[in-house]
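Okay, so here's the structure we're looking at.
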Number of protein chains: 2
Amino acid sequence: MTELPPLSPTGRTTLGRKKIRAVTDRATLYSVLDEALICHLGVVRDGVPMVVPTGYGRDGDTLYLHGSTGAASMRKAATGIEVCVTVTLLDGIVYARSVNNHSMNYRSAMVYGEAKPVTEPEAKMHALHVISDHLAPGSWEHARDVNAKEFAAVSVLALDLAEASVKMRAEGPGDEPEDLEANSAWAGVLPVYTVFGEPESDKEVPPVVPVPAHVSGRGAAGR
Amino acid sequence: MTELPPLSPTGRTTLGRKKIRAVTDRATLYSVLDEALICHLGVVRDGVPMVVPTGYGRDGDTLYLHGSTGAASMRKAATGIEVCVTVTLLDGIVYARSVNNHSMNYRSAMVYGEAKPVTEPEAKMHALHVISDHLAPGSWEHARDVNAKEFAAVSVLALDLAEASVKMRAEGPGDEPEDLEANSAWAGVLPVYTVFGEPESDKEVPPVVPVPAHVSGRGAAGR
């Protein structure tokens, strides 16, 4: 992935905290965004922050955010104000020998930018395809297409991955030398995984209809 | 749980969207906050939103947020501005017979309020205990106590659960009558679970030391 340009941290995406690693390669940004299933979209409304879980999808260096035109957060974002989109994958609970050094292993991407509504029909349909492929790969081909009324009712925002950062922690406990010396408490990592369960067919699906491969064969779950 | 006062939705915590249910009982708010492991803390900095994954804990109607005094989001929040804290549990991917009706099952709590720094020593130690019990129950008793230097370096914010809302979706696909009639695509729910893996002892823990019960016996994982 050496061909990808590095991320360009700005003042607000630069890290100052210890033990948590800032990652500057774009491939890691992509992998975090592609693995997670929801983002938290932050907008400012009436001067106060509003943080809303939102579906999304990524195509290259564009993040598409999905929402009903009735959703306040999407209406607000569509006016062209700056947003902050944060995606977090929790990977483990880190138990240290001291309470103070307990931590979490995680990967988190943060994207700042001006979210712009996608209204040109072809671009909007493409954005919906990208979002659908992210949430439910294979459904775009399997399920009934978006009709004109539905197409008009949905809103999509596009956000450039220009100002983005990734921070992560992926290691064992960072204990103080004296606690390591005493070694009087257990320390380690309790991994956290997100997994898919058994697909549950809707009650109106005839029992003879199998769960299709794009659902039953879905890989590791994102968060 | 009938003794709990209902939540009091304000304009910004009232839902307008279909198929997603607003929950007004306080017990559900508590259960969402207690099950999840991280929140997304939203603050406004230089007029733009900033959304940061943050550890927390709940005691009654107080949410305690944890952070290093060096973290920009915590410094900003400590000045007394309004914050929005959102906690989301993803429960399933909902496959509908049409692409447009695909959805997610989830539970999400949103809390608005003025986050206030907890500085009085006894209250601050209590807050750290609450946060520790949330992230790693049993560690407060097992691991080395917080010392004076560590106590001074950490910052804790308290947020009243006064203005809070919960929205959730916990059902099968909501298909259009004509799609249900045609029944030409599979529909159902792919459950999403967050689980703990096998605890991994730190390499400096002697092999004879077992993983303690407060770690090995930990119940269902939150997100």
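Residues in the structure tokens are numbered from 1 in each chain, the chains being A, B, ... in the order shown, and ligands are numbered from 1 in the order shown.
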Which residues of chain A come within 6 Å of chain B, and for each one, what is the closest pair of atoms and their distance in Å to one decimal, counting only C-alpha atoms, sorted by chain and residue number, as a Markdown table?
| residue | atom | partner | partner_atom | distance |
| --- | --- | --- | --- | --- |
| A:Gly42 | CA | B:Pro49 | CA | 5.7 |
| A:Val43 | CA | B:Pro49 | CA | 5.5 |
| A:Val44 | CA | B:Pro49 | CA | 5.8 |
| A:Pro49 | CA | B:Val43 | CA | 5.5 |
| A:Met50 | CA | B:Cys84 | CA | 5.7 |
| A:Cys84 | CA | B:Met50 | CA | 5.7 |
| A:Arg97 | CA | B:Ala143 | CA | 5.3 |
| A:Ser98 | CA | B:Arg144 | CA | 4.2 |
| A:Val99 | CA | B:Ala143 | CA | 5.6 |
| A:Asn100 | CA | B:Val146 | CA | 5.8 |
| A:Ala143 | CA | B:Ser98 | CA | 4.9 |
| A:Arg144 | CA | B:Ser98 | CA | 4.2 |
| A:Asp145 | CA | B:Val99 | CA | 6.0 |
| A:Val146 | CA | B:Asn100 | CA | 5.8 |
| A:Ala185 | CA | B:Ala143 | CA | 5.4 |
| A:Ala187 | CA | B:Asp202 | CA | 5.5 |
| A:Gly188 | CA | B:Ser201 | CA | 4.3 |
| A:Val189 | CA | B:Glu200 | CA | 5.2 |
| A:Leu190 | CA | B:Pro199 | CA | 4.4 |
| A:Pro191 | CA | B:Gly197 | CA | 4.9 |
| A:Val192 | CA | B:Phe196 | CA | 4.6 |
| A:Tyr193 | CA | B:Val195 | CA | 5.2 |
| A:Thr194 | CA | B:Thr194 | CA | 4.2 |
| A:Val195 | CA | B:Tyr193 | CA | 5.2 |
| A:Phe196 | CA | B:Val192 | CA | 4.6 |
| A:Gly197 | CA | B:Pro191 | CA | 4.9 |
| A:Pro199 | CA | B:Leu190 | CA | 4.4 |
| A:Glu200 | CA | B:Val189 | CA | 5.1 |
| A:Ser201 | CA | B:Gly188 | CA | 4.3 |
| A:Asp202 | CA | B:Gly188 | CA | 4.4 |
Close residues, stretch 116-124 of chain A itself excluded, 6 Å, only C-alpha atoms, min 6 positions apart in chain, as a list of chain:residue names: A:Ala78, A:Gly80, A:Val156, A:Leu157, A:Ala158
Which residues come within 7 Å of A:Arg21, counting only C-alpha atoms, excluding same-chain residues fewer than 2 positions away, as a tab-separated table (two decimals) with N, CA and C atoms, in the first residue's frame?
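out.tsv written:
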chain	number	residue	atom	x	y	z
A	19	LYS	N	1.26	6.52	24.84
A	19	LYS	CA	0.83	5.13	24.74
A	19	LYS	C	-0.16	4.88	23.61
A	23	VAL	N	-1.46	6.92	13.69
A	23	VAL	CA	-1.10	6.17	12.50
A	23	VAL	C	-1.29	7.11	11.31
A	167	LYS	N	-6.04	6.94	15.34
A	167	LYS	CA	-5.23	6.60	16.50
A	167	LYS	C	-5.57	5.19	16.94
A	168	MET	N	-4.60	4.55	17.50
A	168	MET	CA	-4.83	3.17	17.89
A	168	MET	C	-3.95	2.79	19.06
A	169	ARG	N	-4.41	1.78	19.77
A	169	ARG	CA	-3.61	1.14	20.80
A	169	ARG	C	-3.77	-0.35	20.57
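The residue that comes closest to B:Ala152, out of B:Asp61, B:Met125, B:His214, B:Ser31 and on the basis of only C-alpha atoms, is B:Met125.
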